[in-house]
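J.: Got a file for you: model.txt, compact mmCIF, C-alpha atoms and all ligand atoms.
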# COMPACT_ATOMS: atom_id res chain seq x y z
CA MET A 1 3.45 78.98 -30.12
CA VAL A 2 0.57 79.17 -32.59
CA LEU A 3 0.84 82.94 -33.03
CA SER A 4 4.56 82.80 -33.71
CA ASN A 5 4.20 79.84 -36.01
CA PHE A 6 1.48 81.62 -37.96
CA SER A 7 3.60 84.76 -38.14
CA ASN A 8 6.63 82.87 -39.43
CA LEU A 9 4.67 80.88 -41.97
CA THR A 10 2.97 84.01 -43.34
CA LEU A 11 6.39 85.66 -43.77
CA THR A 12 5.59 88.41 -41.29
CA ASN A 13 8.38 90.78 -40.31
CA PRO A 14 9.53 89.69 -36.81
CA LEU A 15 9.72 93.32 -35.68
CA GLU A 16 6.07 93.77 -36.63
CA LEU A 17 5.15 90.68 -34.65
CA ASN A 18 7.16 92.04 -31.73
CA ARG A 19 5.23 95.31 -31.92
CA TRP A 20 1.94 93.42 -32.14
CA PHE A 21 2.72 91.56 -28.90
CA TRP A 22 3.54 94.86 -27.24
CA LEU A 23 0.17 96.27 -28.27
CA ALA A 24 -1.85 93.12 -27.56
CA TYR A 25 -0.56 92.07 -24.13
CA VAL A 26 -0.41 94.28 -21.07
CA ASP A 27 2.33 92.11 -19.54
CA ALA A 28 4.56 92.12 -22.65
CA TYR A 29 7.63 93.48 -20.90
CA GLU A 30 10.53 94.16 -23.22
CA TRP A 31 13.10 92.07 -21.32
CA VAL A 32 10.87 88.99 -21.68
CA GLU A 33 9.36 89.66 -25.03
CA LEU A 34 12.37 90.62 -27.13
CA PRO A 35 14.31 87.37 -26.62
CA ASN A 36 11.14 85.30 -26.83
CA VAL A 37 9.87 86.87 -30.05
CA LEU A 38 13.07 87.73 -31.92
CA GLY A 39 15.04 84.76 -30.61
CA MET A 40 12.96 81.78 -29.63
CA SER A 41 9.88 82.10 -31.77
CA THR A 42 10.92 83.78 -35.03
CA TYR A 43 14.60 82.78 -35.33
CA ALA A 44 15.27 86.42 -36.25
CA ASP A 45 18.55 86.34 -34.29
CA GLY A 46 19.89 83.72 -36.70
CA GLY A 47 19.86 80.89 -34.19
CA ILE A 48 21.53 82.34 -31.07
CA LEU A 49 18.70 81.28 -28.76
CA ALA A 50 16.94 78.53 -30.70
CA SER A 51 18.44 75.63 -32.58
CA LYS A 52 15.83 75.58 -35.34
CA PRO A 53 13.05 77.71 -36.82
CA TYR A 54 9.88 77.48 -34.77
CA VAL A 55 7.45 76.29 -37.43
CA SER A 56 5.03 73.43 -37.86
CA GLY A 57 2.22 72.25 -40.07
CA GLY A 58 -1.37 71.67 -39.03
CA ASN A 59 -0.83 68.11 -37.82
CA TYR A 60 1.30 69.24 -34.90
CA ILE A 61 -1.35 71.74 -33.80
CA HIS A 62 -3.97 69.04 -34.24
CA LYS A 63 -2.03 66.68 -31.96
CA MET A 64 -1.52 69.35 -29.28
CA GLY A 65 -5.15 70.40 -28.87
CA ASN A 66 -8.75 69.93 -29.92
CA TYR A 67 -9.33 73.07 -31.97
CA CYS A 68 -9.40 71.34 -35.35
CA GLN A 69 -12.65 69.44 -34.80
CA ASN A 70 -14.79 72.60 -35.03
CA CYS A 71 -12.63 74.53 -37.45
CA HIS A 72 -13.83 75.83 -40.80
CA TYR A 73 -10.67 74.40 -42.37
CA GLN A 74 -10.03 70.70 -42.92
CA ILE A 75 -6.91 69.40 -41.20
CA LYS A 76 -6.60 66.44 -43.59
CA GLU A 77 -6.64 68.58 -46.73
CA LYS A 78 -3.27 69.83 -47.88
CA THR A 79 -4.07 72.50 -50.46
CA GLY A 80 -7.04 74.49 -51.68
CA ASP A 81 -9.55 76.84 -50.08
CA ARG A 82 -10.79 74.40 -47.40
CA ALA A 83 -7.38 72.97 -46.50
CA CYS A 84 -5.84 73.85 -43.16
CA PRO A 85 -3.62 76.85 -44.02
CA PHE A 86 -0.86 75.63 -41.72
CA ASN A 87 -0.39 72.63 -44.00
CA TYR A 88 0.48 74.43 -47.22
CA LEU A 89 2.05 77.44 -45.44
CA TYR A 90 4.47 75.11 -43.69
CA TRP A 91 5.69 73.46 -46.87
CA ASN A 92 5.84 76.79 -48.65
CA PHE A 93 8.05 78.08 -45.82
CA VAL A 94 10.34 75.06 -46.07
CA ASP A 95 10.65 75.56 -49.83
CA ARG A 96 11.32 79.29 -49.55
CA HIS A 97 13.98 78.87 -46.88
CA ARG A 98 15.50 75.66 -48.17
CA ASP A 99 19.09 76.90 -47.90
CA ALA A 100 18.70 77.57 -44.18
CA PHE A 101 16.89 74.25 -43.67
CA ASP A 102 19.57 72.33 -45.56
CA GLU A 103 22.30 73.77 -43.32
CA ASN A 104 20.55 72.70 -40.13
CA GLY A 105 20.77 68.99 -39.32
CA ARG A 106 17.63 69.16 -37.15
CA VAL A 107 15.39 70.15 -40.07
CA SER A 108 17.31 69.33 -43.27
CA LEU A 109 15.11 66.28 -43.80
CA MET A 110 12.14 68.55 -44.49
CA THR A 111 13.48 69.94 -47.78
CA ARG A 112 13.97 66.38 -49.01
CA LYS A 113 10.38 65.56 -48.02
CA PHE A 114 9.17 68.57 -49.96
CA ASP A 115 11.21 67.51 -52.99
CA GLU A 116 9.58 64.06 -52.89
CA LYS A 117 6.20 65.63 -53.59
CA SER A 118 5.05 65.69 -57.19
CA PRO A 119 5.57 68.91 -59.18
CA THR A 120 1.78 69.31 -59.29
CA GLU A 121 1.51 69.10 -55.52
CA GLN A 122 4.45 71.46 -55.03
CA GLN A 123 2.84 74.01 -57.29
CA ALA A 124 -0.53 73.65 -55.51
CA ILE A 125 1.27 74.34 -52.20
CA ARG A 126 2.92 77.45 -53.60
CA ASP A 127 -0.33 78.69 -55.14
CA SER A 128 -2.38 78.12 -51.98
CA ALA A 129 0.23 79.82 -49.82
CA GLU A 130 0.63 82.77 -52.17
CA ARG A 131 -3.15 83.32 -52.26
CA PHE A 132 -3.50 83.04 -48.50
CA ILE A 133 -0.62 85.42 -47.73
CA ALA A 134 -1.75 87.94 -50.34
CA ASN A 135 -5.22 88.09 -48.78
CA LEU A 136 -4.03 88.43 -45.20
CA PRO A 137 -5.00 91.75 -43.63
CA ARG A 138 -1.87 93.56 -42.54
CA GLY A 139 -1.08 96.72 -40.67
CA LEU A 140 -1.03 98.06 -37.16
CA ALA A 141 -1.95 101.30 -35.52
CA LYS A 142 1.22 103.42 -35.52
S1 LIG A 201 -7.59 72.84 -39.00
FE1 LIG A 201 -8.10 74.85 -38.15
S2 LIG A 201 -7.73 74.66 -35.92
FE2 LIG A 201 -6.67 72.95 -36.93
S3 LIG A 201 -4.57 73.69 -37.25
FE3 LIG A 201 -5.75 74.11 -39.13
S4 LIG A 201 -6.48 76.24 -38.92
FE4 LIG A 201 -5.84 75.51 -36.85
What is this structure when it is put down as structure tokens?

T.:
Amino acid sequence: MVLSNFSNLTLTNPLELNRWFWLAYVDAYEWVELPNVLGMSTYADGGILASKPYVSGGNYIHKMGNYCQNCHYQIKEKTGDRACPFNYLYWNFVDRHRDAFDENGRVSLMTRKFDEKSPTEQQAIRDSAERFIANLPRGLAK
């Protein structure tokens, strides 16, 4: 869940994520992995298997586990270098894909929530996300 969420929020090509799972997990059999990665977790099939994009901000991860207490990042901070990256990456994702969110009744509320934020906060979200994604190491062994 966390790996797919992170991949979606950092605008990673679903096929690259699929390949990464193949390389990283010895039990990543194609018949299980393809529908799970391209369907369920990345929404790359356009919604055949899942009814909404599989994304969340840091608060959801915080509620589901206890990793945040010892993390370098601050779960309560929304933007900036110490803020939990899932927070601003999530809202950046919603903003970037607002047309798809607006069409889906299960998540259309999120674009309205983003629009309620001040222009300064919106810009800080975009800036933090752009910086984080630009500095992400990319690439796999071919
Ligand atoms: S604060 Fe750290 S552990 Fe918690 S969701 Fe953010 S990055 Fe993950």

J.: How close does chain A get to ligand LIG 201 (chain A)? List, as CSV, each residue of chain A within 7 Å, its nearest atom pair and the distance in Å to one decimal, counting only C-alpha atoms and all ligand atoms.

T.:
residue,atom,partner,partner_atom,distance
A:Gly58,CA,A:LIG201,S3,4.2
A:Asn59,CA,A:LIG201,S3,6.7
A:Ile61,CA,A:LIG201,S3,5.1
A:His62,CA,A:LIG201,FE2,5.5
A:Tyr67,CA,A:LIG201,S2,4.5
A:Cys68,CA,A:LIG201,FE2,3.5
A:Cys71,CA,A:LIG201,FE1,4.6
A:His72,CA,A:LIG201,FE1,6.4
A:Tyr73,CA,A:LIG201,S1,4.8
A:Gln74,CA,A:LIG201,S1,5.1
A:Ile75,CA,A:LIG201,S1,4.1
A:Cys84,CA,A:LIG201,FE3,4.0
A:Pro85,CA,A:LIG201,S4,5.9
A:Phe86,CA,A:LIG201,FE3,5.7

J.: Select, from A:Gly57, A:Gly105, A:Gly46, A:Gly139, the residue with the minimum atom-to-atom distance to Val2 of chain A, counting only C-alpha atoms.

T.: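 So, comparing all the options, the nearest one is A:Gly57.
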
J.: In terms of the shortest atom-to-atom distance over only C-alpha atoms, which of A:Thr120, A:Ser4, A:Thr12, A:Pro53 is closest to Ser108 of chain A?

T.: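 Going through A:Thr120, A:Ser4, A:Thr12, A:Pro53 one by one, the smallest distance to Ser108 of chain A is for A:Pro53.
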
J.: Looking at only C-alpha atoms, which of A:Met1, A:Leu38, A:Ser51, A:Val94 is the one that sits closest to Asn18 of chain A?

T.: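 Comparing A:Met1, A:Leu38, A:Ser51, A:Val94 against Asn18 of chain A, the winner is A:Leu38.
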
J.: With 6 Å added on each side, what axis-aligned box encloses every listed atom of segment 28-33 of chain A? Give the centre and edge lengths in Å to one decimal, as JSON.

T.:
{"center_x": 8.8, "center_y": 91.6, "center_z": -23.0, "size_x": 20.5, "size_y": 17.2, "size_z": 16.1}

J.: When you count all atoms listed in the file, which of these residues is closest to Leu109 of chain A: A:Ala44, A:Asp95, A:Gln122, A:Tyr29?

T.: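 Between A:Ala44, A:Asp95, A:Gln122, A:Tyr29, the residue approaching Leu109 of chain A most closely is A:Asp95.
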
J.: Write out as a PyMOL selection string each polymer residue whose atoms come within 12 Å of Arg106 of chain A, counting only C-alpha atoms; drop sequence neighbours fewer than 2 positions from it.

T.: chain A and resi 50-54+100-104+108-111

J.: Any chance you could export the current selection's C-alpha atoms as a PDB file, keeping the file's coordinate frame?

T.:
ATOM      1  CA  ALA A  50      16.940  78.530 -30.700  1.00  0.00           C
ATOM      2  CA  SER A  51      18.440  75.630 -32.580  1.00  0.00           C
ATOM      3  CA  LYS A  52      15.830  75.580 -35.340  1.00  0.00           C
ATOM      4  CA  PRO A  53      13.050  77.710 -36.820  1.00  0.00           C
ATOM      5  CA  TYR A  54       9.880  77.480 -34.770  1.00  0.00           C
ATOM      6  CA  ALA A 100      18.700  77.570 -44.180  1.00  0.00           C
ATOM      7  CA  PHE A 101      16.890  74.250 -43.670  1.00  0.00           C
ATOM      8  CA  ASP A 102      19.570  72.330 -45.560  1.00  0.00           C
ATOM      9  CA  GLU A 103      22.300  73.770 -43.320  1.00  0.00           C
ATOM     10  CA  ASN A 104      20.550  72.700 -40.130  1.00  0.00           C
ATOM     11  CA  SER A 108      17.310  69.330 -43.270  1.00  0.00           C
ATOM     12  CA  LEU A 109      15.110  66.280 -43.800  1.00  0.00           C
ATOM     13  CA  MET A 110      12.140  68.550 -44.490  1.00  0.00           C
ATOM     14  CA  THR A 111      13.480  69.940 -47.780  1.00  0.00           C
TER      15      THR A 111
END

J.: How many Å separate atom CA of Trp22 of chain A from atom CA of Thr42 of chain A?

T.: 15.4 Å

J.: With N, CA and C atoms as the goal, would you fill in the gaps in segment 93-126 of chain A and present it as a short mmCIF file (atom, residue, chain, number, x, y, z; two decimals), in the coordinates of the input?

T.:
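Okay, result15.cif is ready:
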data_model
loop_
_atom_site.label_atom_id
_atom_site.label_comp_id
_atom_site.auth_asym_id
_atom_site.auth_seq_id
_atom_site.Cartn_x
_atom_site.Cartn_y
_atom_site.Cartn_z
N PHE A 93 6.97 77.50 -46.61
CA PHE A 93 8.05 78.08 -45.82
C PHE A 93 9.32 77.26 -45.98
N VAL A 94 9.18 75.95 -45.90
CA VAL A 94 10.34 75.06 -46.07
C VAL A 94 10.97 75.30 -47.45
N ASP A 95 10.16 75.37 -48.46
CA ASP A 95 10.65 75.56 -49.83
C ASP A 95 11.35 76.91 -49.98
N ARG A 96 10.75 77.95 -49.42
CA ARG A 96 11.32 79.29 -49.55
C ARG A 96 12.65 79.44 -48.81
N HIS A 97 12.78 78.73 -47.71
CA HIS A 97 13.98 78.87 -46.88
C HIS A 97 14.83 77.61 -46.94
N ARG A 98 14.86 76.97 -48.08
CA ARG A 98 15.50 75.66 -48.17
C ARG A 98 16.99 75.73 -47.88
N ASP A 99 17.64 76.82 -48.19
CA ASP A 99 19.09 76.90 -47.90
C ASP A 99 19.35 76.83 -46.40
N ALA A 100 18.54 77.58 -45.65
CA ALA A 100 18.70 77.57 -44.18
C ALA A 100 18.32 76.21 -43.61
N PHE A 101 17.28 75.58 -44.15
CA PHE A 101 16.89 74.25 -43.67
C PHE A 101 17.98 73.23 -43.97
N ASP A 102 18.55 73.30 -45.17
CA ASP A 102 19.57 72.33 -45.56
C ASP A 102 20.81 72.40 -44.67
N GLU A 103 21.11 73.59 -44.17
CA GLU A 103 22.30 73.77 -43.32
C GLU A 103 22.11 73.26 -41.90
N ASN A 104 20.85 73.04 -41.52
CA ASN A 104 20.55 72.70 -40.13
C ASN A 104 20.15 71.23 -40.03
N GLY A 105 21.00 70.44 -39.40
CA GLY A 105 20.77 68.99 -39.32
C GLY A 105 19.44 68.62 -38.67
N ARG A 106 18.88 69.48 -37.83
CA ARG A 106 17.63 69.16 -37.15
C ARG A 106 16.43 69.24 -38.09
N VAL A 107 16.56 69.97 -39.19
CA VAL A 107 15.39 70.15 -40.07
C VAL A 107 15.70 69.89 -41.55
N SER A 108 16.94 69.49 -41.85
CA SER A 108 17.31 69.33 -43.27
C SER A 108 16.48 68.27 -43.98
N LEU A 109 15.95 67.32 -43.20
CA LEU A 109 15.11 66.28 -43.80
C LEU A 109 13.87 66.87 -44.48
N MET A 110 13.41 68.01 -44.00
CA MET A 110 12.14 68.55 -44.49
C MET A 110 12.24 69.00 -45.96
N THR A 111 13.38 69.53 -46.37
CA THR A 111 13.48 69.94 -47.78
C THR A 111 13.44 68.70 -48.68
N ARG A 112 14.02 67.62 -48.22
CA ARG A 112 13.97 66.38 -49.01
C ARG A 112 12.53 65.87 -49.10
N LYS A 113 11.79 66.00 -48.00
CA LYS A 113 10.38 65.56 -48.02
C LYS A 113 9.57 66.42 -48.99
N PHE A 114 9.88 67.71 -49.01
CA PHE A 114 9.17 68.57 -49.96
C PHE A 114 9.50 68.16 -51.40
N ASP A 115 10.78 67.87 -51.63
CA ASP A 115 11.21 67.51 -52.99
C ASP A 115 10.62 66.18 -53.46
N GLU A 116 10.20 65.34 -52.52
CA GLU A 116 9.58 64.06 -52.89
C GLU A 116 8.14 64.24 -53.38
N LYS A 117 7.57 65.39 -53.13
CA LYS A 117 6.20 65.63 -53.59
C LYS A 117 6.21 65.84 -55.10
N SER A 118 5.11 65.54 -55.74
CA SER A 118 5.05 65.69 -57.19
C SER A 118 5.10 67.18 -57.56
N PRO A 119 5.55 67.50 -58.76
CA PRO A 119 5.57 68.91 -59.18
C PRO A 119 4.18 69.54 -59.10
N THR A 120 3.14 68.77 -59.38
CA THR A 120 1.78 69.31 -59.29
C THR A 120 1.44 69.70 -57.86
N GLU A 121 1.80 68.81 -56.92
CA GLU A 121 1.51 69.10 -55.52
C GLU A 121 2.35 70.28 -55.02
N GLN A 122 3.60 70.33 -55.43
CA GLN A 122 4.45 71.46 -55.03
C GLN A 122 3.86 72.78 -55.51
N GLN A 123 3.40 72.76 -56.75
CA GLN A 123 2.84 74.01 -57.29
C GLN A 123 1.54 74.38 -56.58
N ALA A 124 0.72 73.38 -56.24
CA ALA A 124 -0.53 73.65 -55.51
C ALA A 124 -0.21 74.25 -54.14
N ILE A 125 0.84 73.77 -53.50
CA ILE A 125 1.27 74.34 -52.20
C ILE A 125 1.66 75.79 -52.38
N ARG A 126 2.48 76.06 -53.38
CA ARG A 126 2.92 77.45 -53.60
C ARG A 126 1.73 78.35 -53.92
#
